[in-house]
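Engineer: Below you'll find the structure I mean.
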Amino acid sequence: MKLRHTLLLVLPLLLQLFLFLVPSAALALSSDEQFLAARDAVRAGDRAKLERAAAALQGYELEAYVEYWRLLLDLKDSDPTTVGAFLSRHENTYVAEKLRLDWLRQLGRKQQWALFDAEYPRLAQPDQEMACYALQSRRAQGDARVLDDALPLWATLLEPPEPCYPVLEALIVEKRVLADAVWARIRRQFEANKMAAALYSMNYLPASQTPDKKLAQTVIDTPLPWLSRLPGDLSASRMQRELAALAIQRIARNDPRVAAEQLTRIAPALNAGEKAWAWSQIGWQAAQRHMPEAMEWYRQAGDTPLSDEVAEWKVRAALRANDWGSVRTTIERMPPALAAQPAWTYWLGRAYRAGGRLEEANALFAKIAGQPDFYGNLANDELGRPTSTPPKAAPPSREELLQVSASPGVQRALAFFRLNLRTEGVREWTWGLRRMSDRELLAASEIALRSGNYDRAIAAADRTRSEHDYSLRYLAPYSDQVRPAARSQALDDAWVYGLMRQESRFITSARSHVGASGLMQLMPATAKWVANKIGLKDFNQARVNDTETNLLLGTTYMRLVLESLDNHPVLASAAYNAGPGRARKWRADRPLEGAIYAETIPFSETRDYVKKVMSNSLYYSALFDGKPQTLKNRLGVIAARSGGEVKGEDLP
C-alpha cells in the first residue's frame, strides 16, 4: 500500500517533468502530422477530417493555411465579409495573396465587378488572367480606353487564358482588329507551335478568308502533300496564299531545304509580305540547325518585321558566319525592349567594335559591365576589367538574425521545408524576400544555410543590391567530399561547383521532371552506365541520391565527357546537359569563339545552362584563388568540327 501510495504521488510529478523536457518535439511531431492530414483532407474534399485537424492546430505556425483551406472549400458561396476578414488578418502574406487570387477569380467568373474592382488593386502580383478580368470590368463599365489598352495583347497573347477571350473578341467586334492583324496573329501562333490556338484564331477571319477546319488541319498535319496539290496560280485567293505560307513554315520545321524548294516554286503566286515571312521562317529553322544557307534565306526575307525569336536567331546565324554587319543591323532593328537585353547589348557592342566604332562599343559594354552574369562578365573582359568578387559585407549580427528568423514568412517557409513540402516552402521564402533590405537578405541567407536549405541561402544572397557576400551566393558545401572527388578525376573544382550549383543548388534530394537526381542530377541510364564503367559493386538506383556515390558517378562522367571533347569545359558542359553527340554536332566547320558557340546552342535550356555554368565557375575560381578572372579565357576557342575532334567511345 505504501509503495502504491508513493507511486501515485510520484507519477504525476514524473509526467510533468517529461512534458517539461520534451513537449516541443512531441507537439511538433503531432502538429506536423495533423497539418499533413488537413492537407490531404482538403485535397479529398473531406470537410469533417479537415475540421478535426484544424481544431488541433491552433497556434501552429502554418495555421493560416488550414484556415485558408477551410475557406477554399466554400469559396463559391463565401460571404465577402468573411473573406475580407481573413485577408485583413493576414495582409502582406503569401497565403493572403493566394486567397485573394482565388477570390478574384470567383468574382470575375460571376462578373461581380464592384467587389472585383475593390479587391483587385490589393493583389501584389496579378497574372494575365486577372489582368483580363480587370479589362472585362472596365469594358462593362463603359471605359472608352479599354480597347486601346487591350490591343497589344492581340499580338503577344498567343495562347490566352479563358478570361481574355471576351476582351480579344471585343477588338474584332469593334473592328479594332482586321484581317491583316488576324493573319499576323495566326502566323505568330504557327511560329510558337500553338496549333489549337491558331485554329481558333481562324474563326476571327472574314468569311471569304476562313478555311474550314478540315482544310486547316491538313495544312498543319501534312503540309507538303497539300502544297504539292495546289493549283499553280494562288494569287486570286488570299486564304490559299496565306495557307501556302503557313504550309511552308510547317515544312521548314522538318526540312528547311525542302521548304526553300517549295517556296521558290510557288513564290510568283504570293504577295511580297507572304513570301518574305515564309523566307524568314526558313532562315530561322536553318539557323537553329547551323545550316550555311541560313543567312541567304534570311536575306531573301528582306526587311520584313521579324518576331523576337526569329530576329534573335538571325543574329546567331550571323555570329556563326562572322557577319558582323548583319549582327549590327539586325539588333538595331529589334524592338527597343529586346535590343536592350544584356545579350544583344553585348553583341551589338561587339559588332560596333568589329566595325571600328570603339567609343560606341565601350558605351554599350559599360551599360552591362559589373552585372554578375555571363554578359556582364564578358563586358568586363571587353573593357579590360577582370571579374572579381565585391568586398564581403559584414556578417549579420545576432540581432539581425533573430529579427529575420522571427519573421512569420521565414518561419512558415522553414516549416514547409521541415515537412519536405519544398514547393510550398520555396513560394513562401520567395514571397518573404520581396521587401527585405540587403542586411535582412544576408541574415535570411545565413538562416537558410544553417538549416541546410542551400538553394534558399543562394536565392537570398543573390538578391542583394549594395552589400554582398559572394561566399553565400556561391556556396561550396560538401567540400570535404566534392574537392577530393574533383581531384581524383583531375577536374577543376571551380567548374565542378559551377555545374553543381546550376544542376541542384546543392539539394541532395533534388529530382528533375525527367528523372535526374542528386547533387549532380544524374539520369538513371547515365548513372548505371558510369557505375558499370568503373566497376562499382552492388550498385542500384537507390544509391544515386547518396552524396558520395552521386559525386563519384557525376565527377567520373564529367571527366569522361571532358576527355571525349578536347578537354574543353564549354563543350563538356553542353554535353552534360544535352548529351555528347549534340555537343559535337553543334561545332562549326571553322574554329569558333567559345562565347559564340554558347550563344548559338539550339536548345534554349542548354544555352542558358552553359552560360550559367561557365559564369558560376568564374566566381568560384575567384573565391577559391582570391584573384580576378576573365570569362573569355575560360570560354576559349572551340576547335573546328573537321579538325582535332576526339570522338572516343559513345557516351550516354
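FYI, nothing fancy with the C-alpha cells labels: chains A, B, ... in order, residues from 1 per chain, ligands from 1 as they appear.
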Where does DSSP see helix (DSSP H, G or I) in segment 167-310 of chain A, if you list the residues as a PyMOL selection string?
Structural biologist: chain A and resi 167-173+179-191+195-204+207-209+213-221+223-228+238-254+256-269+272-288+294-300+308-310
Engineer: Quick one: residues within 10 Å of Gly581 of chain A, only C-alpha atoms counted, chain neighbours fewer than 6 positions away excluded, as a VMD selection string?
Structural biologist: chain A and resid 565 574 to 575 647 650 to 652
Engineer: The selected residues should be written to file as a short mmCIF file (atom, residue, chain, number, x, y, z; two decimals), in the first residue's frame (atoms: C-alpha atoms).
Structural biologist:
```cif
data_model
loop_
_atom_site.label_atom_id
_atom_site.label_comp_id
_atom_site.auth_asym_id
_atom_site.auth_seq_id
_atom_site.Cartn_x
_atom_site.Cartn_y
_atom_site.Cartn_z
CA LEU A 565 35.51 16.68 -76.18
CA ALA A 574 26.80 21.35 -73.09
CA ALA A 575 27.30 17.59 -73.20
CA LYS A 647 35.30 11.09 -80.77
CA ASP A 650 29.88 6.63 -77.31
CA LEU A 651 28.74 8.20 -74.06
CA PRO A 652 25.17 8.44 -72.80
#
```
Engineer: For Asn271 of chain A, work out the shell of residues within 12 Å, counting only C-alpha atoms and skipping chain neighbours fewer than 2 positions away, then give it as a PyMOL selection string.
Structural biologist: chain A and resi 233-242+244-245+266-269+273-278
Engineer: If you keep C-alpha atoms, can you produce a file of those selected residues as an mmCIF file, in the first residue's frame?
Structural biologist:
```cif
data_model
loop_
_atom_site.group_PDB
_atom_site.id
_atom_site.type_symbol
_atom_site.label_atom_id
_atom_site.label_comp_id
_atom_site.auth_asym_id
_atom_site.auth_seq_id
_atom_site.Cartn_x
_atom_site.Cartn_y
_atom_site.Cartn_z
ATOM 1 C CA ASP A 233 -1.949 30.251 -109.565
ATOM 2 C CA LEU A 234 -2.819 31.180 -105.984
ATOM 3 C CA SER A 235 -2.846 34.915 -106.472
ATOM 4 C CA ALA A 236 -6.642 35.248 -106.571
ATOM 5 C CA SER A 237 -7.268 33.714 -103.136
ATOM 6 C CA ARG A 238 -5.786 35.264 -100.019
ATOM 7 C CA MET A 239 -6.841 32.257 -97.981
ATOM 8 C CA GLN A 240 -4.916 29.904 -100.284
ATOM 9 C CA ARG A 241 -1.852 32.165 -100.304
ATOM 10 C CA GLU A 242 -1.777 32.505 -96.519
ATOM 11 C CA ALA A 244 0.532 28.114 -98.515
ATOM 12 C CA ALA A 245 2.877 30.357 -96.491
ATOM 13 C CA ILE A 266 5.186 28.988 -105.535
ATOM 14 C CA ALA A 267 6.848 32.372 -104.881
ATOM 15 C CA PRO A 268 5.431 34.091 -108.015
ATOM 16 C CA ALA A 269 1.880 33.478 -106.744
ATOM 17 C CA GLY A 273 4.704 40.117 -97.398
ATOM 18 C CA GLU A 274 3.626 36.487 -97.512
ATOM 19 C CA LYS A 275 6.776 35.484 -99.371
ATOM 20 C CA ALA A 276 9.093 37.474 -97.071
ATOM 21 C CA TRP A 277 7.575 35.932 -93.944
ATOM 22 C CA ALA A 278 7.937 32.431 -95.375
#
```
Engineer: Enter the distance from atom CA of Asp143 of chain A to atom CA of Pro121 of chain A, in Å, rounded to one decimal.
Structural biologist: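 Between atom CA of Asp143 of chain A and atom CA of Pro121 of chain A the gap works out to 17.2 Å.
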Engineer: Counting only C-alpha atoms, what is within 8 Å of segment 421-429 of chain A, bar same-chain residues fewer than 2 positions away, as a ChimeraX atom specification?
Structural biologist: /A:94,409-410,412-419,431-433,456
Engineer: Those residues with N, CA and C atoms, as a PDB file, in the first residue's frame please?
Structural biologist:
```pdb
ATOM      1  N   TYR A  94       1.907  35.538 -48.103  1.00  0.00           N
ATOM      2  CA  TYR A  94       1.700  34.766 -49.328  1.00  0.00           C
ATOM      3  C   TYR A  94       0.343  34.066 -49.313  1.00  0.00           C
ATOM      4  N   GLY A 409       6.861  34.796 -42.277  1.00  0.00           N
ATOM      5  CA  GLY A 409       7.091  34.196 -43.585  1.00  0.00           C
ATOM      6  C   GLY A 409       8.268  33.241 -43.573  1.00  0.00           C
ATOM      7  N   VAL A 410       9.346  33.623 -42.916  1.00  0.00           N
ATOM      8  CA  VAL A 410      10.514  32.754 -42.809  1.00  0.00           C
ATOM      9  C   VAL A 410      10.164  31.516 -41.997  1.00  0.00           C
ATOM     10  N   ARG A 412       7.230  30.136 -41.665  1.00  0.00           N
ATOM     11  CA  ARG A 412       6.367  29.259 -42.469  1.00  0.00           C
ATOM     12  C   ARG A 412       7.190  28.504 -43.517  1.00  0.00           C
ATOM     13  N   ALA A 413       8.116  29.209 -44.160  1.00  0.00           N
ATOM     14  CA  ALA A 413       8.946  28.549 -45.174  1.00  0.00           C
ATOM     15  C   ALA A 413       9.753  27.413 -44.554  1.00  0.00           C
ATOM     16  N   LEU A 414      10.367  27.665 -43.410  1.00  0.00           N
ATOM     17  CA  LEU A 414      11.171  26.628 -42.757  1.00  0.00           C
ATOM     18  C   LEU A 414      10.299  25.460 -42.300  1.00  0.00           C
ATOM     19  N   ALA A 415       9.071  25.767 -41.891  1.00  0.00           N
ATOM     20  CA  ALA A 415       8.165  24.689 -41.501  1.00  0.00           C
ATOM     21  C   ALA A 415       7.841  23.801 -42.702  1.00  0.00           C
ATOM     22  N   PHE A 416       7.597  24.415 -43.856  1.00  0.00           N
ATOM     23  CA  PHE A 416       7.334  23.630 -45.056  1.00  0.00           C
ATOM     24  C   PHE A 416       8.546  22.772 -45.427  1.00  0.00           C
ATOM     25  N   PHE A 417       9.741  23.341 -45.301  1.00  0.00           N
ATOM     26  CA  PHE A 417      10.943  22.553 -45.597  1.00  0.00           C
ATOM     27  C   PHE A 417      11.065  21.374 -44.625  1.00  0.00           C
ATOM     28  N   ARG A 418      10.729  21.626 -43.374  1.00  0.00           N
ATOM     29  CA  ARG A 418      10.774  20.550 -42.382  1.00  0.00           C
ATOM     30  C   ARG A 418       9.827  19.414 -42.763  1.00  0.00           C
ATOM     31  N   LEU A 419       8.702  19.770 -43.355  1.00  0.00           N
ATOM     32  CA  LEU A 419       7.705  18.784 -43.769  1.00  0.00           C
ATOM     33  C   LEU A 419       8.016  18.191 -45.139  1.00  0.00           C
ATOM     34  N   TRP A 431       8.359  34.854 -51.499  1.00  0.00           N
ATOM     35  CA  TRP A 431       7.455  35.949 -51.129  1.00  0.00           C
ATOM     36  C   TRP A 431       8.056  36.766 -49.981  1.00  0.00           C
ATOM     37  N   GLY A 432       8.609  36.074 -49.008  1.00  0.00           N
ATOM     38  CA  GLY A 432       9.161  36.766 -47.845  1.00  0.00           C
ATOM     39  C   GLY A 432      10.361  37.626 -48.158  1.00  0.00           C
ATOM     40  N   LEU A 433      11.094  37.313 -49.228  1.00  0.00           N
ATOM     41  CA  LEU A 433      12.284  38.097 -49.574  1.00  0.00           C
ATOM     42  C   LEU A 433      11.953  39.397 -50.298  1.00  0.00           C
ATOM     43  N   ARG A 456      17.971  28.005 -50.884  1.00  0.00           N
ATOM     44  CA  ARG A 456      17.344  29.246 -50.398  1.00  0.00           C
ATOM     45  C   ARG A 456      18.405  30.232 -49.897  1.00  0.00           C
TER      46      ARG A 456
END
```
Engineer: Suppose you want the space between atom CA of Ser512 of chain A and atom CA of Tyr470 of chain A; what is it in Å?
Structural biologist: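 If I compute the distance from atom CA of Ser512 of chain A to atom CA of Tyr470 of chain A, I get 26.5 Å.
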Engineer: What lies within 12 Å of segment 484-491 of chain A using only C-alpha atoms, ignoring chain neighbours under 6 positions off, as an MDAnalysis selection string?
Structural biologist: chainID A and resid 478 497:500 547:563 567:569 572
Engineer: Quick one: which segment 294-327 of chain A residues come within 12 Å of segment 180-194 of chain A, and what is the nearest atom pair for each with the distance in Å to one decimal, counting only C-alpha atoms, rows ordered by chain and ascending number, as CSV?
Structural biologist:
```
residue,atom,partner,partner_atom,distance
A:Pro305,CA,A:Ala184,CA,10.9
A:Leu306,CA,A:Arg188,CA,10.0
A:Ser307,CA,A:Arg188,CA,7.7
A:Asp308,CA,A:Arg188,CA,10.3
A:Glu309,CA,A:Glu191,CA,9.1
A:Val310,CA,A:Glu191,CA,8.8
```
Engineer: Using only C-alpha atoms, which of the listed residues (A:Pro342, A:Pro396, A:Pro591, A:Gly518) sits closest to Ala321 of chain A?
Structural biologist: A:Pro591
Engineer: Counting only C-alpha atoms, what is within 10 Å of Ala54 of chain A, bar same-chain residues fewer than 5 positions away, as number ranges by chain?
Structural biologist: A: 31, 34-35, 37-38, 48-49, 60, 63, 65-67, 69-70
Engineer: Restricting the output to N, CA and C atoms, write the selected residues as an mmCIF file, in the first residue's frame.
Structural biologist:
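As a result, again13.cif now contains:
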```cif
data_model
loop_
_atom_site.group_PDB
_atom_site.id
_atom_site.type_symbol
_atom_site.label_atom_id
_atom_site.label_comp_id
_atom_site.auth_asym_id
_atom_site.auth_seq_id
_atom_site.Cartn_x
_atom_site.Cartn_y
_atom_site.Cartn_z
ATOM 1 N N SER A 31 1.634 18.035 -34.385
ATOM 2 C CA SER A 31 1.076 19.116 -35.196
ATOM 3 C C SER A 31 1.420 18.936 -36.661
ATOM 4 N N GLN A 34 -0.856 16.384 -38.029
ATOM 5 C CA GLN A 34 -2.207 16.930 -38.183
ATOM 6 C C GLN A 34 -2.285 17.854 -39.402
ATOM 7 N N PHE A 35 -1.235 18.613 -39.618
ATOM 8 C CA PHE A 35 -1.226 19.525 -40.767
ATOM 9 C C PHE A 35 -1.253 18.739 -42.080
ATOM 10 N N ALA A 37 -2.430 15.830 -42.462
ATOM 11 C CA ALA A 37 -3.767 15.245 -42.559
ATOM 12 C C ALA A 37 -4.765 16.273 -43.087
ATOM 13 N N ALA A 38 -4.636 17.515 -42.628
ATOM 14 C CA ALA A 38 -5.513 18.583 -43.118
ATOM 15 C C ALA A 38 -5.297 18.818 -44.610
ATOM 16 N N ALA A 48 -15.106 17.089 -42.853
ATOM 17 C CA ALA A 48 -15.098 16.636 -41.459
ATOM 18 C C ALA A 48 -13.665 16.390 -40.992
ATOM 19 N N LYS A 49 -12.883 15.729 -41.825
ATOM 20 C CA LYS A 49 -11.490 15.461 -41.471
ATOM 21 C C LYS A 49 -10.696 16.763 -41.358
ATOM 22 N N TYR A 60 -0.421 26.801 -34.332
ATOM 23 C CA TYR A 60 0.603 26.152 -35.155
ATOM 24 C C TYR A 60 1.124 27.152 -36.192
ATOM 25 N N GLU A 63 -0.944 27.512 -39.280
ATOM 26 C CA GLU A 63 -2.388 27.534 -39.033
ATOM 27 C C GLU A 63 -3.129 28.341 -40.096
ATOM 28 N N TYR A 65 -2.723 28.466 -43.201
ATOM 29 C CA TYR A 65 -3.029 27.645 -44.374
ATOM 30 C C TYR A 65 -4.251 26.768 -44.130
ATOM 31 N N VAL A 66 -4.391 26.283 -42.921
ATOM 32 C CA VAL A 66 -5.558 25.468 -42.603
ATOM 33 C C VAL A 66 -6.819 26.323 -42.701
ATOM 34 N N GLU A 67 -6.750 27.535 -42.191
ATOM 35 C CA GLU A 67 -7.892 28.455 -42.289
ATOM 36 C C GLU A 67 -8.190 28.770 -43.754
ATOM 37 N N TRP A 69 -7.593 26.807 -46.305
ATOM 38 C CA TRP A 69 -8.227 25.626 -46.904
ATOM 39 C C TRP A 69 -9.701 25.533 -46.530
ATOM 40 N N ARG A 70 -10.030 25.891 -45.303
ATOM 41 C CA ARG A 70 -11.433 25.856 -44.873
ATOM 42 C C ARG A 70 -12.265 26.835 -45.709
#
```
